[in-house]
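Next comes target_39.cif, with mmCIF, C-alpha atoms (C1' of nucleotides).
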```cif
data_work
loop_
_atom_site.label_atom_id
_atom_site.label_comp_id
_atom_site.auth_asym_id
_atom_site.auth_seq_id
_atom_site.Cartn_x
_atom_site.Cartn_y
_atom_site.Cartn_z
CA MET A 1 25.82 7.53 22.64
CA SER A 2 23.40 5.65 24.86
CA ILE A 3 21.97 7.31 27.94
CA GLU A 4 23.87 4.77 30.03
CA GLN A 5 27.12 6.12 28.64
CA GLU A 6 26.03 9.74 28.79
CA VAL A 7 25.28 9.75 32.48
CA GLN A 8 27.70 6.93 33.29
CA GLN A 9 25.05 4.86 34.98
CA VAL A 10 24.86 1.19 34.17
CA LYS A 11 21.49 0.16 35.41
CA PHE A 12 18.19 1.88 35.97
CA LYS A 13 15.30 0.87 38.13
CA SER A 14 13.00 0.51 35.16
CA GLU A 15 12.54 1.52 31.56
CA TYR A 16 10.38 4.33 32.91
CA GLN A 17 13.05 5.73 35.15
CA LYS A 18 15.49 5.42 32.32
CA ALA A 19 13.11 7.21 29.98
CA SER A 20 12.64 9.94 32.53
CA ILE A 21 16.35 10.54 32.87
CA ASN A 22 16.84 10.13 29.15
CA LEU A 23 14.24 12.80 28.47
CA MET A 24 15.80 15.26 30.87
CA TYR A 25 19.26 14.63 29.55
CA THR A 26 18.16 14.99 25.93
CA VAL A 27 16.30 18.23 26.55
CA SER A 28 19.19 19.57 28.54
CA SER A 29 21.43 18.97 25.53
CA ILE A 30 18.99 20.55 23.11
CA THR A 31 18.41 23.54 25.37
CA HIS A 32 22.10 24.07 25.78
CA HIS A 33 22.54 24.07 22.03
CA HIS A 34 19.58 26.41 21.53
CA LEU A 35 21.01 28.83 24.01
CA GLN A 36 24.29 28.99 22.11
CA VAL A 37 22.52 29.70 18.83
CA LEU A 38 20.11 32.26 20.27
CA LYS A 39 22.86 34.13 22.04
CA LYS A 40 24.21 35.17 18.66
CA PHE A 41 20.91 36.94 18.12
CA GLY A 42 20.81 38.46 21.59
CA LEU A 43 17.88 36.34 22.72
CA THR A 44 17.30 33.94 25.56
CA THR A 45 15.17 30.82 25.19
CA PRO A 46 12.00 32.18 26.81
CA GLN A 47 12.34 35.41 24.85
CA PHE A 48 12.52 33.40 21.64
CA ASN A 49 9.54 31.28 22.60
CA ILE A 50 7.42 34.34 23.24
CA LEU A 51 8.42 35.89 19.95
CA ARG A 52 7.42 32.73 18.13
CA ILE A 53 4.00 32.70 19.74
CA LEU A 54 3.52 36.36 18.83
CA ARG A 55 4.46 35.70 15.24
CA GLY A 56 1.92 32.89 15.13
CA GLN A 57 -0.80 35.37 16.04
CA TYR A 58 0.47 38.24 13.92
CA PRO A 59 -0.96 40.71 13.04
CA LYS A 60 -3.30 40.07 15.94
CA ALA A 61 -2.03 40.92 19.40
CA THR A 62 -1.69 38.42 22.21
CA THR A 63 -2.39 39.13 25.85
CA VAL A 64 0.18 38.35 28.52
CA ASN A 65 -2.24 35.81 29.89
CA ASP A 66 -2.37 34.00 26.54
CA LEU A 67 1.41 33.94 26.53
CA ILE A 68 1.52 32.35 29.96
CA ASN A 69 -0.92 29.64 28.87
CA ARG A 70 0.90 28.87 25.65
CA MET A 71 4.50 29.05 26.74
CA ILE A 72 6.46 25.83 26.75
CA ASP A 73 7.86 26.63 30.14
CA LYS A 74 4.92 28.09 31.96
CA ALA A 75 6.64 31.27 32.97
CA SER A 76 5.53 32.81 36.19
CA ASN A 77 7.00 36.07 35.06
CA ALA A 78 6.03 36.59 31.47
CA SER A 79 5.62 40.31 32.16
CA ARG A 80 9.29 40.78 32.82
CA ILE A 81 10.33 38.84 29.74
CA VAL A 82 7.97 40.91 27.60
CA GLU A 83 9.51 44.00 29.12
CA LYS A 84 12.97 42.80 28.05
CA LEU A 85 11.68 42.30 24.52
CA ARG A 86 10.05 45.72 24.52
CA ALA A 87 13.31 47.28 25.63
CA LYS A 88 14.87 45.75 22.51
CA LYS A 89 11.97 47.09 20.41
CA LEU A 90 11.04 43.58 19.31
CA VAL A 91 7.50 43.83 20.69
CA GLU A 92 5.00 46.54 21.48
CA ARG A 93 2.78 46.64 24.51
CA SER A 94 -0.56 48.38 24.92
CA VAL A 95 -3.49 48.16 27.27
CA SER A 96 -6.27 46.15 25.68
CA SER A 97 -9.32 48.11 24.56
CA ASN A 98 -11.79 45.32 25.43
CA ASP A 99 -10.46 44.63 28.88
CA ARG A 100 -8.44 47.30 30.55
CA ARG A 101 -6.79 44.77 32.88
CA ALA A 102 -5.27 42.94 29.94
CA VAL A 103 -2.15 43.94 28.06
CA ASP A 104 -1.87 43.34 24.34
CA VAL A 105 1.55 42.34 23.13
CA LYS A 106 2.40 42.51 19.44
CA ILE A 107 5.57 41.63 17.59
CA THR A 108 7.18 44.51 15.70
CA GLU A 109 8.69 44.55 12.22
CA ALA A 110 12.10 44.31 13.86
CA GLY A 111 10.92 41.26 15.78
CA LEU A 112 9.66 39.59 12.63
CA GLU A 113 12.91 40.30 10.85
CA LEU A 114 14.94 38.84 13.67
CA LEU A 115 12.83 35.67 13.66
CA SER A 116 13.16 35.27 9.93
CA LYS A 117 16.92 35.38 10.30
CA ILE A 118 16.71 32.59 12.85
CA ASP A 119 14.37 30.66 10.54
CA HIS A 120 17.21 30.13 8.13
CA ILE A 121 19.10 28.06 10.61
CA GLU A 122 16.02 26.48 12.14
CA ASP A 123 16.82 23.08 10.73
CA GLU A 124 19.98 23.09 12.73
CA PHE A 125 18.28 24.83 15.56
CA PHE A 126 15.56 22.29 16.07
CA PHE A 127 15.78 18.55 15.90
CA GLY A 128 16.28 18.65 12.14
CA THR A 129 19.85 17.47 12.22
CA SER A 130 19.01 14.43 14.29
CA SER A 131 19.56 10.99 12.89
CA LEU A 132 15.87 10.15 13.19
CA THR A 133 13.80 9.40 10.14
CA VAL A 134 10.52 11.24 9.72
CA ASP A 135 8.64 8.12 10.77
CA GLU A 136 10.77 7.85 13.87
CA ALA A 137 10.13 11.49 14.70
CA LYS A 138 6.42 10.78 14.32
CA MET A 139 6.72 7.82 16.64
CA LEU A 140 8.58 9.99 19.12
CA ASN A 141 5.77 12.52 19.04
CA TYR A 142 3.24 9.80 19.60
CA LEU A 143 5.13 8.37 22.55
CA LEU A 144 5.62 11.76 24.17
CA ASP A 145 1.94 12.62 23.85
CA LYS A 146 1.00 9.27 25.30
CA GLY A 147 3.67 9.44 27.98
CA ARG A 148 2.29 12.67 29.34
CA GLU A 149 -0.97 10.90 30.03
CA THR A 150 -1.02 9.32 33.41
CA LYS A 151 -2.53 6.13 34.73
CA ILE A 152 -3.01 7.68 38.13
CA ARG A 153 -4.95 10.74 38.94
CA THR A 154 -2.38 13.08 40.42
CA LYS A 155 -4.52 16.07 41.22
CA MET B 1 -3.56 15.73 25.20
CA SER B 2 -1.63 16.16 21.98
CA ILE B 3 1.21 18.65 21.81
CA GLU B 4 -0.88 20.66 19.33
CA GLN B 5 -3.49 21.16 22.00
CA GLU B 6 -0.99 21.72 24.78
CA VAL B 7 0.74 24.63 23.11
CA GLN B 8 -2.27 25.66 21.03
CA GLN B 9 -0.37 25.50 17.81
CA VAL B 10 -1.96 23.80 14.85
CA LYS B 11 0.87 23.21 12.47
CA PHE B 12 4.58 22.71 12.81
CA LYS B 13 7.29 23.13 10.24
CA SER B 14 8.21 19.47 10.41
CA GLU B 15 7.94 16.38 12.56
CA TYR B 16 11.38 17.32 13.84
CA GLN B 17 10.39 20.75 14.98
CA LYS B 18 7.29 19.26 16.52
CA ALA B 19 9.38 16.64 18.32
CA SER B 20 11.71 19.32 19.58
CA ILE B 21 8.89 21.36 21.05
CA ASN B 22 7.17 18.23 22.29
CA LEU B 23 10.32 17.19 24.12
CA MET B 24 10.76 20.54 25.78
CA TYR B 25 7.14 20.73 26.76
CA THR B 26 7.13 17.20 28.16
CA VAL B 27 10.26 17.72 30.20
CA SER B 28 8.99 21.03 31.46
CA SER B 29 5.90 19.24 32.76
CA ILE B 30 7.92 16.46 34.36
CA THR B 31 10.37 18.90 35.92
CA HIS B 32 7.57 20.96 37.33
CA HIS B 33 6.06 17.87 38.88
CA HIS B 34 9.43 16.76 40.26
CA LEU B 35 9.94 20.13 41.85
CA GLN B 36 6.64 19.88 43.70
CA VAL B 37 7.48 16.43 45.01
CA LEU B 38 11.05 17.26 45.99
CA LYS B 39 10.04 20.43 47.73
CA LYS B 40 8.32 18.32 50.38
CA PHE B 41 11.76 16.91 51.13
CA GLY B 42 13.47 20.27 51.05
CA LEU B 43 15.41 19.50 47.87
CA THR B 44 15.71 21.07 44.46
CA THR B 45 16.10 19.03 41.29
CA PRO B 46 19.86 19.43 40.88
CA GLN B 47 20.39 18.77 44.58
CA PHE B 48 18.46 15.53 44.20
CA ASN B 49 20.42 14.57 41.10
CA ILE B 50 23.71 15.09 42.87
CA LEU B 51 22.59 13.04 45.84
CA ARG B 52 21.62 10.20 43.53
CA ILE B 53 25.02 10.22 41.87
CA LEU B 54 26.71 10.21 45.25
CA ARG B 55 24.64 7.28 46.40
CA GLY B 56 25.62 5.40 43.26
CA GLN B 57 29.27 5.75 44.27
CA TYR B 58 28.79 5.18 47.98
CA PRO B 59 30.82 4.49 50.06
CA LYS B 60 33.38 5.90 47.66
CA ALA B 61 33.61 9.66 47.38
CA THR B 62 33.05 11.59 44.18
CA THR B 63 34.92 14.70 43.13
CA VAL B 64 33.10 17.85 42.13
CA ASN B 65 34.49 17.40 38.66
CA ASP B 66 32.95 13.94 38.39
CA LEU B 67 29.66 15.42 39.46
CA ILE B 68 29.82 18.04 36.74
CA ASN B 69 30.50 15.40 34.11
CA ARG B 70 27.72 13.11 35.24
CA MET B 71 24.99 15.57 36.03
CA ILE B 72 21.95 15.55 33.81
CA ASP B 73 22.04 19.30 33.59
CA LYS B 74 25.74 20.03 33.25
CA ALA B 75 25.82 22.47 36.07
CA SER B 76 28.36 25.22 35.86
CA ASN B 77 28.01 25.69 39.55
CA ALA B 78 28.13 22.30 41.15
CA SER B 79 30.20 23.74 43.98
CA ARG B 80 27.38 25.89 45.21
CA ILE B 81 24.86 23.07 45.04
CA VAL B 82 27.22 20.85 47.01
CA GLU B 83 27.57 23.65 49.54
CA LYS B 84 23.78 23.78 49.95
CA LEU B 85 23.73 20.04 50.55
CA ARG B 86 26.57 20.31 53.01
CA ALA B 87 24.71 23.03 54.90
CA LYS B 88 21.86 20.53 55.28
CA LYS B 89 24.35 17.89 56.43
CA LEU B 90 23.39 15.60 53.55
CA VAL B 91 26.94 15.44 52.18
CA GLU B 92 30.47 15.85 53.46
CA ARG B 93 33.24 17.66 51.69
CA SER B 94 36.98 17.14 52.04
CA VAL B 95 40.06 17.97 50.05
CA SER B 96 41.19 14.93 48.11
CA SER B 97 44.37 13.29 49.34
CA ASN B 98 45.58 12.36 45.84
CA ASP B 99 45.02 15.74 44.27
CA ARG B 100 44.80 18.73 46.51
CA ARG B 101 42.93 20.74 43.89
CA ALA B 102 40.11 18.22 43.91
CA VAL B 103 37.32 18.05 46.46
CA ASP B 104 35.85 14.73 47.53
CA VAL B 105 32.15 14.76 48.16
CA LYS B 106 30.46 11.94 50.03
CA ILE B 107 26.84 11.37 50.93
CA THR B 108 26.12 11.14 54.66
CA GLU B 109 23.85 8.74 56.53
CA ALA B 110 21.27 11.50 56.68
CA GLY B 111 21.56 11.88 52.91
CA LEU B 112 21.05 8.18 52.34
CA GLU B 113 18.04 8.15 54.62
CA LEU B 114 16.46 11.06 52.82
CA LEU B 115 16.95 9.36 49.45
CA SER B 116 15.44 6.13 50.69
CA LYS B 117 12.33 8.04 51.73
CA ILE B 118 12.07 9.45 48.24
CA ASP B 119 12.61 5.96 46.77
CA HIS B 120 9.24 4.94 48.10
CA ILE B 121 7.46 7.36 45.83
CA GLU B 122 9.86 6.99 42.95
CA ASP B 123 7.27 5.38 40.73
CA GLU B 124 5.21 8.48 40.96
CA PHE B 125 8.26 10.62 40.83
CA PHE B 126 9.62 9.27 37.61
CA PHE B 127 7.76 8.32 34.48
CA GLY B 128 6.26 5.28 36.17
CA THR B 129 2.75 6.59 36.20
CA SER B 130 2.75 7.30 32.49
CA SER B 131 0.40 5.44 30.20
CA LEU B 132 3.28 3.94 28.27
CA THR B 133 3.80 0.20 28.19
CA VAL B 134 7.27 -1.11 28.98
CA ASP B 135 7.86 -1.75 25.29
CA GLU B 136 6.85 1.78 24.47
CA ALA B 137 9.19 3.13 27.13
CA LYS B 138 11.96 1.04 25.55
CA MET B 139 11.12 2.46 22.15
CA LEU B 140 11.19 5.96 23.61
CA ASN B 141 14.64 5.31 25.03
CA TYR B 142 15.82 4.04 21.67
CA LEU B 143 14.47 7.07 19.84
CA LEU B 144 15.97 9.53 22.31
CA ASP B 145 19.39 7.91 22.09
CA LYS B 146 19.20 7.93 18.31
CA GLY B 147 17.78 11.45 18.22
CA ARG B 148 20.74 12.85 20.07
CA GLU B 149 23.00 11.61 17.32
CA THR B 150 23.38 14.13 14.58
CA LYS B 151 23.71 13.83 10.85
CA ILE B 152 25.82 16.93 10.71
CA ARG B 153 29.01 17.55 12.53
CA THR B 154 28.23 20.52 14.75
CA LYS B 155 31.50 21.02 16.44
"C1'" DG C 1 -25.74 50.11 42.47
"C1'" DT C 2 -23.02 47.78 46.34
"C1'" DA C 3 -20.23 44.16 48.08
"C1'" DC C 4 -17.43 40.44 47.26
"C1'" DA C 5 -15.01 37.21 44.43
"C1'" DT C 6 -12.30 36.55 40.25
"C1'" DT C 7 -9.21 37.72 36.68
"C1'" DT C 8 -5.12 40.01 34.83
"C1'" DA C 9 -0.68 41.93 35.14
"C1'" DA C 10 3.14 43.69 37.67
"C1'" DT C 11 6.39 43.57 41.45
"C1'" DG C 12 9.19 42.09 45.69
"C1'" DT C 13 12.18 38.50 47.42
"C1'" DG C 14 15.18 34.83 47.72
"C1'" DT C 15 17.26 31.13 44.87
"C1'" DT C 16 19.37 29.33 40.78
"C1'" DT C 17 21.44 29.68 36.47
"C1'" DA C 18 25.09 30.84 32.79
"C1'" DC C 19 29.16 32.79 32.05
"C1'" DA C 20 33.51 34.86 33.03
"C1'" DT C 21 37.11 35.01 35.97
"C1'" DA C 22 40.19 34.04 39.84
"C1'" DA C 23 43.02 31.08 42.77
"C1'" DA C 24 45.31 26.94 43.83
"C1'" DT C 25 47.45 22.73 42.36
"C1'" DT C 26 49.22 19.56 39.10
"C1'" DT C 27 51.32 18.23 34.70
"C1'" DG C 28 54.54 18.59 30.98
"C1'" DT C 29 58.80 20.37 28.84
"C1'" DC C 30 63.13 21.84 28.96
"C1'" DG D 1 64.10 22.35 39.39
"C1'" DA D 2 61.90 26.40 36.58
"C1'" DC D 3 58.22 27.84 34.01
"C1'" DA D 4 54.19 27.65 31.08
"C1'" DA D 5 49.96 25.14 30.27
"C1'" DA D 6 46.25 22.55 31.94
"C1'" DT D 7 43.12 21.10 35.52
"C1'" DT D 8 40.05 21.71 39.45
"C1'" DT D 9 37.23 24.37 42.30
"C1'" DA D 10 35.28 28.62 43.97
"C1'" DT D 11 33.20 33.17 43.32
"C1'" DG D 12 31.31 37.70 41.16
"C1'" DT D 13 27.59 39.23 38.30
"C1'" DA D 14 23.52 39.77 35.65
"C1'" DA D 15 19.59 37.35 34.18
"C1'" DA D 16 15.93 34.21 35.03
"C1'" DC D 17 13.20 31.47 37.98
"C1'" DA D 18 9.50 30.16 41.74
"C1'" DC D 19 6.45 31.91 44.71
"C1'" DA D 20 3.79 35.26 47.25
"C1'" DT D 21 1.71 39.56 47.19
"C1'" DT D 22 -0.25 43.76 45.31
"C1'" DA D 23 -3.17 46.67 42.37
"C1'" DA D 24 -6.55 47.43 39.05
"C1'" DA D 25 -10.49 46.01 36.37
"C1'" DT D 26 -14.15 42.97 35.62
"C1'" DG D 27 -17.80 39.67 36.86
"C1'" DT D 28 -21.51 38.06 39.89
"C1'" DA D 29 -25.06 37.98 43.43
"C1'" DC D 30 -28.20 40.47 45.78
#
```
Will you turn the file into structure tokens for me?
Amino acid sequence: MSIEQEVQQVKFKSEYQKASINLMYTVSSITHHHLQVLKKFGLTTPQFNILRILRGQYPKATTVNDLINRMIDKASNASRIVEKLRAKKLVERSVSSNDRRAVDVKITEAGLELLSKIDHIEDEFFFGTSSLTVDEAKMLNYLLDKGRETKIRTK
Amino acid sequence: MSIEQEVQQVKFKSEYQKASINLMYTVSSITHHHLQVLKKFGLTTPQFNILRILRGQYPKATTVNDLINRMIDKASNASRIVEKLRAKKLVERSVSSNDRRAVDVKITEAGLELLSKIDHIEDEFFFGTSSLTVDEAKMLNYLLDKGRETKIRTK
DNA sequence: GTACATTTAATGTGTTTACATAAATTTGTC
DNA sequence: GACAAATTTATGTAAACACATTAAATGTAC
């Protein structure tokens, strides 16, 4: 279904505006689907994202600050999300030995197990069921990377 | 900056997974930027989206249900967003004459004026400052529309 | 070492979200 | 018309968010 049909809007100001709205609409759909899948595992989207980052570093620990920098949605409150995960025993938290301000977060065995369960449906979970060919997905990645660059200095 | 650099992740499971994360990251950036711009006008993103839909219908009214169906982020709580807009006198609300369950929402003069102010910076607001050419933006729109289609029946 | 700025994480506050549910009206069936 | 089902909107609740502030540790200049 074209974006025109999806949002019931016939004309857009430009291809750029259309792309902007198209992007938001598409991500909103994906996110909504993700949420449904993750709920079965008792996770929210940001909780899942943090777990994935932690697994990427495993068995090394990751500081909260690292999490903030690497999260897809730059969470202003990573601490509280980590605390939720700790309450579920999916991560462990300990004051860093190098820097006593920092807090090391590490995924637990239970966390790894949970992620591996989700891995099995990851094809469905991510964009894997889309009608795009691999080349098209590559092109999409290229366009997104380029699109984030800006002609104008904004800051 | 490539998505690999942005999220500091070297390898992805597939181009699809990469595209998925790339999409979410890109939209998160755009949304964050939108929020900063809209805040100057005292609006949030969904409030702005609703106003734009209402302007598209003007001078006809739009029911809350229509809003829900047409919103980019299918808001479960359109009522409350409309109430916020009404409190700012940007929209008017009245029980529909055809169907007394339904509520007609209509943008006010003040609402239209506010939107026209935002129009002036819309290029910056939307994807207009991106490095993409028009053809690339078109390609992006094509890929997004196609990407939302799924090979597998999910529901 | 002292004083001051910076970094890192946690917390307080108000707003927004997702989801479930309620309440009112309309529609469909008999 | 009576009654059940469906539709439309509003609201209660817990979680998450944005943003500002706080507290502790580290870094830097002297």
task = Select all residues from chain B having any atom no more than 8 Å from an atom of chain A (counting only C-alpha atoms, ignoring ligands), output as JSON, numbers by chain.
result = {"B": [1, 2, 3, 6, 7, 8, 15, 16, 17, 18, 19, 20, 21, 22, 23, 24, 25, 26, 27, 28, 69, 70, 71, 72, 73, 126, 127, 128, 129, 130, 131, 132, 134, 136, 137, 138, 140, 141, 143, 144, 145, 146, 147, 148, 149, 150, 151, 152]}
Residues of chain C within 10 Å of chain B, counting only C-alpha atoms (C1' of nucleotides) - could you list those as a PyMOL selection string? chain C and resi 16-19+24-26
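With the cut-off set to 12 Å and all atoms listed in the file counted, chain D residues close to chain A are D:DA15, D:DA16, D:DC17, D:DA18, D:DC19, D:DA20, D:DA23, D:DA24, D:DA25, D:DT26, D:DG27.
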Expected file: the selected residues, C-alpha atoms (C1' of nucleotides), as a tab-separated table (two decimals), in the coordinates of the input:
```
chain	number	residue	atom	x	y	z
D	15	DA	C1'	19.59	37.35	34.18
D	16	DA	C1'	15.93	34.21	35.03
D	17	DC	C1'	13.20	31.47	37.98
D	18	DA	C1'	9.50	30.16	41.74
D	19	DC	C1'	6.45	31.91	44.71
D	20	DA	C1'	3.79	35.26	47.25
D	23	DA	C1'	-3.17	46.67	42.37
D	24	DA	C1'	-6.55	47.43	39.05
D	25	DA	C1'	-10.49	46.01	36.37
D	26	DT	C1'	-14.15	42.97	35.62
D	27	DG	C1'	-17.80	39.67	36.86
```
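What separates atom CA of Ile107 of chain A from atom CA of Leu90 of chain A is a distance of 6.1 Å.
Chain B and chain A, identical in sequence, superpose over all their Cα atoms with an RMSD of 0.2 Å.
Atom CA of Asn65 of chain B is positioned 14.1 Å from atom CA of Asn98 of chain B.
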For the structure shown, which residues end up in the PyMOL selection byres ((chain A and resi 106) around 6)? Put them as a list in words, please? Ala61, Val91, Glu92, Val105 and Ile107 of chain A
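Closest approach to Asp119 of chain B from the set B:Ser97, B:Gln36, B:Phe48, B:Gly42 is made by B:Phe48, with distances taken over all atoms listed in the file.
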**Prompt:** What residues come out when you apply the PyMOL selection byres ((chain C and resi 2) around 9) to this file, written as a PyMOL selection string?
**Reply:** (chain C and resi 1+3) or (chain D and resi 30)
For the residues in the current selection, export C-alpha atoms (C1' of nucleotides) as an mmCIF file, in the coordinates of the input.
```cif
data_model
loop_
_atom_site.group_PDB
_atom_site.id
_atom_site.type_symbol
_atom_site.label_atom_id
_atom_site.label_comp_id
_atom_site.auth_asym_id
_atom_site.auth_seq_id
_atom_site.Cartn_x
_atom_site.Cartn_y
_atom_site.Cartn_z
ATOM 1 C "C1'" DG C 1 -25.740 50.110 42.470
ATOM 2 C "C1'" DA C 3 -20.230 44.160 48.080
ATOM 3 C "C1'" DC D 30 -28.200 40.470 45.780
#
```
Practice task
Please write as a list in words the full residue list that the PyMOL selection byres ((chain D and resi 21) around 9) yields on this file.
Solution key: DT11 and DG12 of chain C; DA20 and DT22 of chain D
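Residue nearest DT8 of chain C, chosen from A:Ile50, A:Val103, A:Lys39, A:Lys84 and counting all atoms listed in the file: A:Val103.
In this structure, atom CA of Ala110 of chain A sits 29.4 Å away from atom C1' of DT13 of chain D.
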Per-axis box centre and lengths in Å around segment 58-67 of chain B, 3 Å margin per side, axis-aligned, as lines of an AutoDock Vina configuration file:
```
center_x = 31.9
center_y = 11.2
center_z = 44.2
size_x = 12.1
size_y = 19.4
size_z = 17.7
```
Of C:DT15, C:DT29, C:DT21, C:DT6, the one nearest to DA10 of chain D when counting only C-alpha atoms (C1' of nucleotides) is C:DT21
For DC3 of chain D, find every residue with an atom within 12 Å (counting all atoms listed in the file), except residues of its own chain fewer than 5 positions away, and show them as a compact mmCIF listing (two decimals) with C-alpha atoms (C1' of nucleotides), keeping the file's coordinate frame.
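Okay, result.txt is ready:
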```txt
# COMPACT_ATOMS: atom_id res chain seq x y z
C1' DT C 27 51.32 18.23 34.70
C1' DG C 28 54.54 18.59 30.98
C1' DT C 29 58.80 20.37 28.84
C1' DC C 30 63.13 21.84 28.96
```
